[in-house]
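See structure below.
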Amino acid sequence: MTRNASWTNRLYRCSLLLGSQDAMPVWYWEQWRKIARELDPLLALARGPAGTSSTQRYINKKGYVPFRRMGFGDKAHRKWTHGSPTNTESTNWCFLSAEVWAPTRGVCSDQNQPPDVFFGVRNERHAEKESLKFNPVLLLAAAADLSSDIEVLSVEVTERIGKIVGAKLQGCTVRPWARPYGSEMLTDAIGDALYVGLFKVGPRHAEEPSLAMLEGDWHAA
């Protein structure tokens, strides 16, 4: 399937937060509920309901925790967050990452269009063996054409989430969802940035976080 031009032409306002390693982890029930409330106004503007996915591995055995399709609401939050009232197994889970797509990843694939809103969280503790200068990494992207006041709303949401996670760095940029690679493929997608392409090559916890460690044209929010 040839990709719709919106994957490479539609612009997004991207906000990056590097949280404090001393704050309550984002994947804890109490903390995630606060963040989810801040995301609600943005997700409400999307063309379809949001979906959540999370990658977590078992601590006491091999393999990854199987999560079925999850929406974005109290029922979904309880399934994957640690310490939720109905989640008694999370003590044996190691959180790696979580993503929110609005509309869901499946809908975006069916419609051949990127999401209107994306939010992702990555646990630096899982990948880094050295002492951490920040944790986690949070990335919010909202389509620039989503509403007339999307820039103001994105800034407000990012600032409030930044306070929740004790952000040590906040940056923003405007870019397409992905860049073309050949005639039909994509590269450098926002949805992959948490895992590859966001930071410059080299150690990123040797010094306090700064915009200089980021790839691309990021500036202070």
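Quick note on naming: the chains in the structure tokens go A, B, ... in the order shown, residues restart at 1 in each chain, and ligands are numbered from 1 in order of appearance.
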
**Q.** All helix (DSSP H, G or I) positions in chain A, as number ranges by chain
**A.** A: 6-9, 29-43, 74-80, 90-92, 105-111, 124-127, 150-165, 190-192, 211-213

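Within the 8 Å cut-off around stretch 160-172 of chain A, using only C-alpha atoms and omitting residues fewer than 5 positions from it on the same chain, the listed residues are Arg13, Cys14, Ser15, Leu16, Leu17, Leu18, Gly19, Ser20, Ala23, Met24, Pro25, Val26, Gln31, Lys34, Ile35, Glu38, Phe134, Pro209, Ser210, Leu211, Trp218, His219, Ala220 and Ala221 of chain A.
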
Kindly export the residues of the current selection with N, CA and C atoms, as a PDB file, in the first residue's frame.
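Result file part-v5.pdb:
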```
ATOM      1  N   ARG A  13       3.056  19.591  15.984  1.00  0.00           N
ATOM      2  CA  ARG A  13       3.762  20.304  17.042  1.00  0.00           C
ATOM      3  C   ARG A  13       4.172  19.272  18.085  1.00  0.00           C
ATOM      4  N   CYS A  14       5.470  19.075  18.236  1.00  0.00           N
ATOM      5  CA  CYS A  14       6.007  18.046  19.128  1.00  0.00           C
ATOM      6  C   CYS A  14       6.596  18.675  20.383  1.00  0.00           C
ATOM      7  N   SER A  15       6.255  18.117  21.503  1.00  0.00           N
ATOM      8  CA  SER A  15       6.784  18.563  22.789  1.00  0.00           C
ATOM      9  C   SER A  15       7.496  17.408  23.472  1.00  0.00           C
ATOM     10  N   LEU A  16       8.685  17.675  23.961  1.00  0.00           N
ATOM     11  CA  LEU A  16       9.499  16.665  24.635  1.00  0.00           C
ATOM     12  C   LEU A  16       9.690  17.053  26.095  1.00  0.00           C
ATOM     13  N   LEU A  17       9.533  16.076  26.964  1.00  0.00           N
ATOM     14  CA  LEU A  17       9.786  16.287  28.383  1.00  0.00           C
ATOM     15  C   LEU A  17      10.739  15.213  28.876  1.00  0.00           C
ATOM     16  N   LEU A  18      11.764  15.631  29.601  1.00  0.00           N
ATOM     17  CA  LEU A  18      12.648  14.692  30.290  1.00  0.00           C
ATOM     18  C   LEU A  18      12.360  14.855  31.776  1.00  0.00           C
ATOM     19  N   GLY A  19      11.696  13.848  32.342  1.00  0.00           N
ATOM     20  CA  GLY A  19      11.242  13.954  33.715  1.00  0.00           C
ATOM     21  C   GLY A  19      12.340  13.753  34.738  1.00  0.00           C
ATOM     22  N   SER A  20      12.006  14.057  35.964  1.00  0.00           N
ATOM     23  CA  SER A  20      12.949  13.866  37.064  1.00  0.00           C
ATOM     24  C   SER A  20      12.941  12.404  37.506  1.00  0.00           C
ATOM     25  N   ALA A  23      10.925  11.756  40.722  1.00  0.00           N
ATOM     26  CA  ALA A  23       9.472  11.875  40.796  1.00  0.00           C
ATOM     27  C   ALA A  23       8.822  10.494  40.764  1.00  0.00           C
ATOM     28  N   MET A  24       7.563  10.424  41.164  1.00  0.00           N
ATOM     29  CA  MET A  24       6.834   9.163  41.078  1.00  0.00           C
ATOM     30  C   MET A  24       6.779   8.708  39.627  1.00  0.00           C
ATOM     31  N   PRO A  25       7.083   7.448  39.336  1.00  0.00           N
ATOM     32  CA  PRO A  25       7.072   6.969  37.954  1.00  0.00           C
ATOM     33  C   PRO A  25       5.729   7.187  37.266  1.00  0.00           C
ATOM     34  N   VAL A  26       5.779   7.555  36.008  1.00  0.00           N
ATOM     35  CA  VAL A  26       4.580   7.851  35.228  1.00  0.00           C
ATOM     36  C   VAL A  26       3.665   6.634  35.129  1.00  0.00           C
ATOM     37  N   GLN A  31      -0.018   8.437  39.372  1.00  0.00           N
ATOM     38  CA  GLN A  31       0.629   9.418  38.510  1.00  0.00           C
ATOM     39  C   GLN A  31      -0.003   9.440  37.113  1.00  0.00           C
ATOM     40  N   LYS A  34      -3.255  11.420  36.702  1.00  0.00           N
ATOM     41  CA  LYS A  34      -3.071  12.869  36.593  1.00  0.00           C
ATOM     42  C   LYS A  34      -2.730  13.256  35.157  1.00  0.00           C
ATOM     43  N   ILE A  35      -1.828  12.495  34.543  1.00  0.00           N
ATOM     44  CA  ILE A  35      -1.406  12.787  33.176  1.00  0.00           C
ATOM     45  C   ILE A  35      -2.551  12.564  32.202  1.00  0.00           C
ATOM     46  N   GLU A  38      -4.837  15.429  31.908  1.00  0.00           N
ATOM     47  CA  GLU A  38      -4.285  16.546  31.130  1.00  0.00           C
ATOM     48  C   GLU A  38      -4.356  16.269  29.634  1.00  0.00           C
ATOM     49  N   PHE A 134      17.913  11.815  34.190  1.00  0.00           N
ATOM     50  CA  PHE A 134      16.498  12.083  33.965  1.00  0.00           C
ATOM     51  C   PHE A 134      15.783  10.760  33.719  1.00  0.00           C
ATOM     52  N   PRO A 209      20.594  17.122  31.484  1.00  0.00           N
ATOM     53  CA  PRO A 209      19.982  17.194  30.151  1.00  0.00           C
ATOM     54  C   PRO A 209      19.964  18.611  29.583  1.00  0.00           C
ATOM     55  N   SER A 210      20.161  18.687  28.258  1.00  0.00           N
ATOM     56  CA  SER A 210      20.123  19.964  27.541  1.00  0.00           C
ATOM     57  C   SER A 210      19.637  19.715  26.126  1.00  0.00           C
ATOM     58  N   LEU A 211      19.230  20.779  25.452  1.00  0.00           N
ATOM     59  CA  LEU A 211      18.764  20.661  24.073  1.00  0.00           C
ATOM     60  C   LEU A 211      19.878  20.175  23.149  1.00  0.00           C
ATOM     61  N   TRP A 218      15.324  21.360  17.836  1.00  0.00           N
ATOM     62  CA  TRP A 218      14.526  21.553  19.052  1.00  0.00           C
ATOM     63  C   TRP A 218      14.882  22.899  19.694  1.00  0.00           C
ATOM     64  N   HIS A 219      13.888  23.528  20.272  1.00  0.00           N
ATOM     65  CA  HIS A 219      14.152  24.764  21.004  1.00  0.00           C
ATOM     66  C   HIS A 219      13.360  24.759  22.307  1.00  0.00           C
ATOM     67  N   ALA A 220      13.745  25.609  23.228  1.00  0.00           N
ATOM     68  CA  ALA A 220      13.108  25.657  24.532  1.00  0.00           C
ATOM     69  C   ALA A 220      11.650  26.058  24.398  1.00  0.00           C
ATOM     70  N   ALA A 221      10.792  25.366  25.128  1.00  0.00           N
ATOM     71  CA  ALA A 221       9.354  25.643  25.051  1.00  0.00           C
ATOM     72  C   ALA A 221       8.998  26.834  25.935  1.00  0.00           C
TER      73      ALA A 221
END
```

Q.
If we count only C-alpha atoms and set the cut-off at 9 Å, which residues sit around stretch 84-86 of chain A, ignoring sequence neighbours fewer than 5 positions away in its own chain? Please answer as a PyMOL selection string.
A. chain A and resi 28-30+77-79

Serialized selection, N, CA and C atoms, as a compact mmCIF listing (two decimals), in the first residue's frame:
```txt
# COMPACT_ATOMS: atom_id res chain seq x y z
N TYR A 28 2.91 4.51 37.33
CA TYR A 28 2.17 4.21 38.54
C TYR A 28 0.75 4.77 38.42
N TRP A 29 -0.19 4.05 38.92
CA TRP A 29 -1.62 4.38 38.80
C TRP A 29 -1.92 5.83 39.18
N GLU A 30 -1.46 6.27 40.33
CA GLU A 30 -1.78 7.61 40.80
C GLU A 30 -1.22 8.67 39.86
N HIS A 77 -6.67 2.18 31.88
CA HIS A 77 -5.59 2.62 32.76
C HIS A 77 -5.32 1.59 33.86
N ARG A 78 -6.38 0.98 34.37
CA ARG A 78 -6.24 0.02 35.46
C ARG A 78 -5.51 -1.25 35.00
N LYS A 79 -5.60 -1.57 33.71
CA LYS A 79 -5.02 -2.82 33.21
C LYS A 79 -3.50 -2.81 33.22
```

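Nearest to A:Ala142 of all the residues A:Ala5, A:Ile190, A:Ile59, A:Val196 is A:Ile190, counting only C-alpha atoms.
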
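Atom CA of A:Phe199 lies 9.1 Å from atom CA of A:Ala212.
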
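Nearest to A:Val155 of all the residues A:Asn60, A:Gln113, A:Thr55, A:Thr173 is A:Thr173, counting only C-alpha atoms.
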
Q: Mind checking which residues fall within 10 Å of stretch 146-152 of chain A, counting only C-alpha atoms, ignoring those fewer than 3 positions away in the same chain, and posting them as a VMD selection string?
A: chain A and resid 12 to 14 42 45 to 47 116 to 117 142 to 143 155 to 158

Q.
Which residues are close to A:Val121, i.e. within 9 Å by only C-alpha atoms, leaving aside same-chain residues fewer than 3 positions away? Reply as a ChimeraX atom specification.
A. /A:26-27,96-99,136-139,194

Q) Can you list, as a VMD selection string, every protein, DNA or RNA residue that comes within 12 Å of A:Ala102 when you count only C-alpha atoms, leaving out same-chain residues fewer than 4 positions away? A) chain A and resid 39 to 53 71 to 72 106 to 109 113 to 120 140 to 143 146

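Across the model, the gap from atom CA of A:Thr104 to atom CA of A:Ala144 is 18.6 Å.
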
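Residues with any atom within 8 Å of A:Pro176, counting only C-alpha atoms and excluding same-chain neighbours fewer than 5 positions away, are Trp7, Thr8, Asn9, Arg10, Leu11 and Tyr12 of chain A.
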
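Distance-wise, atom CA of A:Glu159 and atom CA of A:Glu215 end up 21.8 Å apart.
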
Q: If you run DSSP over the backbone, which residues in stretch 8-185 of chain A end up strand (DSSP E or B)? Put them as a PyMOL selection string.
A: chain A and resi 11-18+28+51-58+64+70+82+93-102+117-122+137-143+169-176+179-181+185
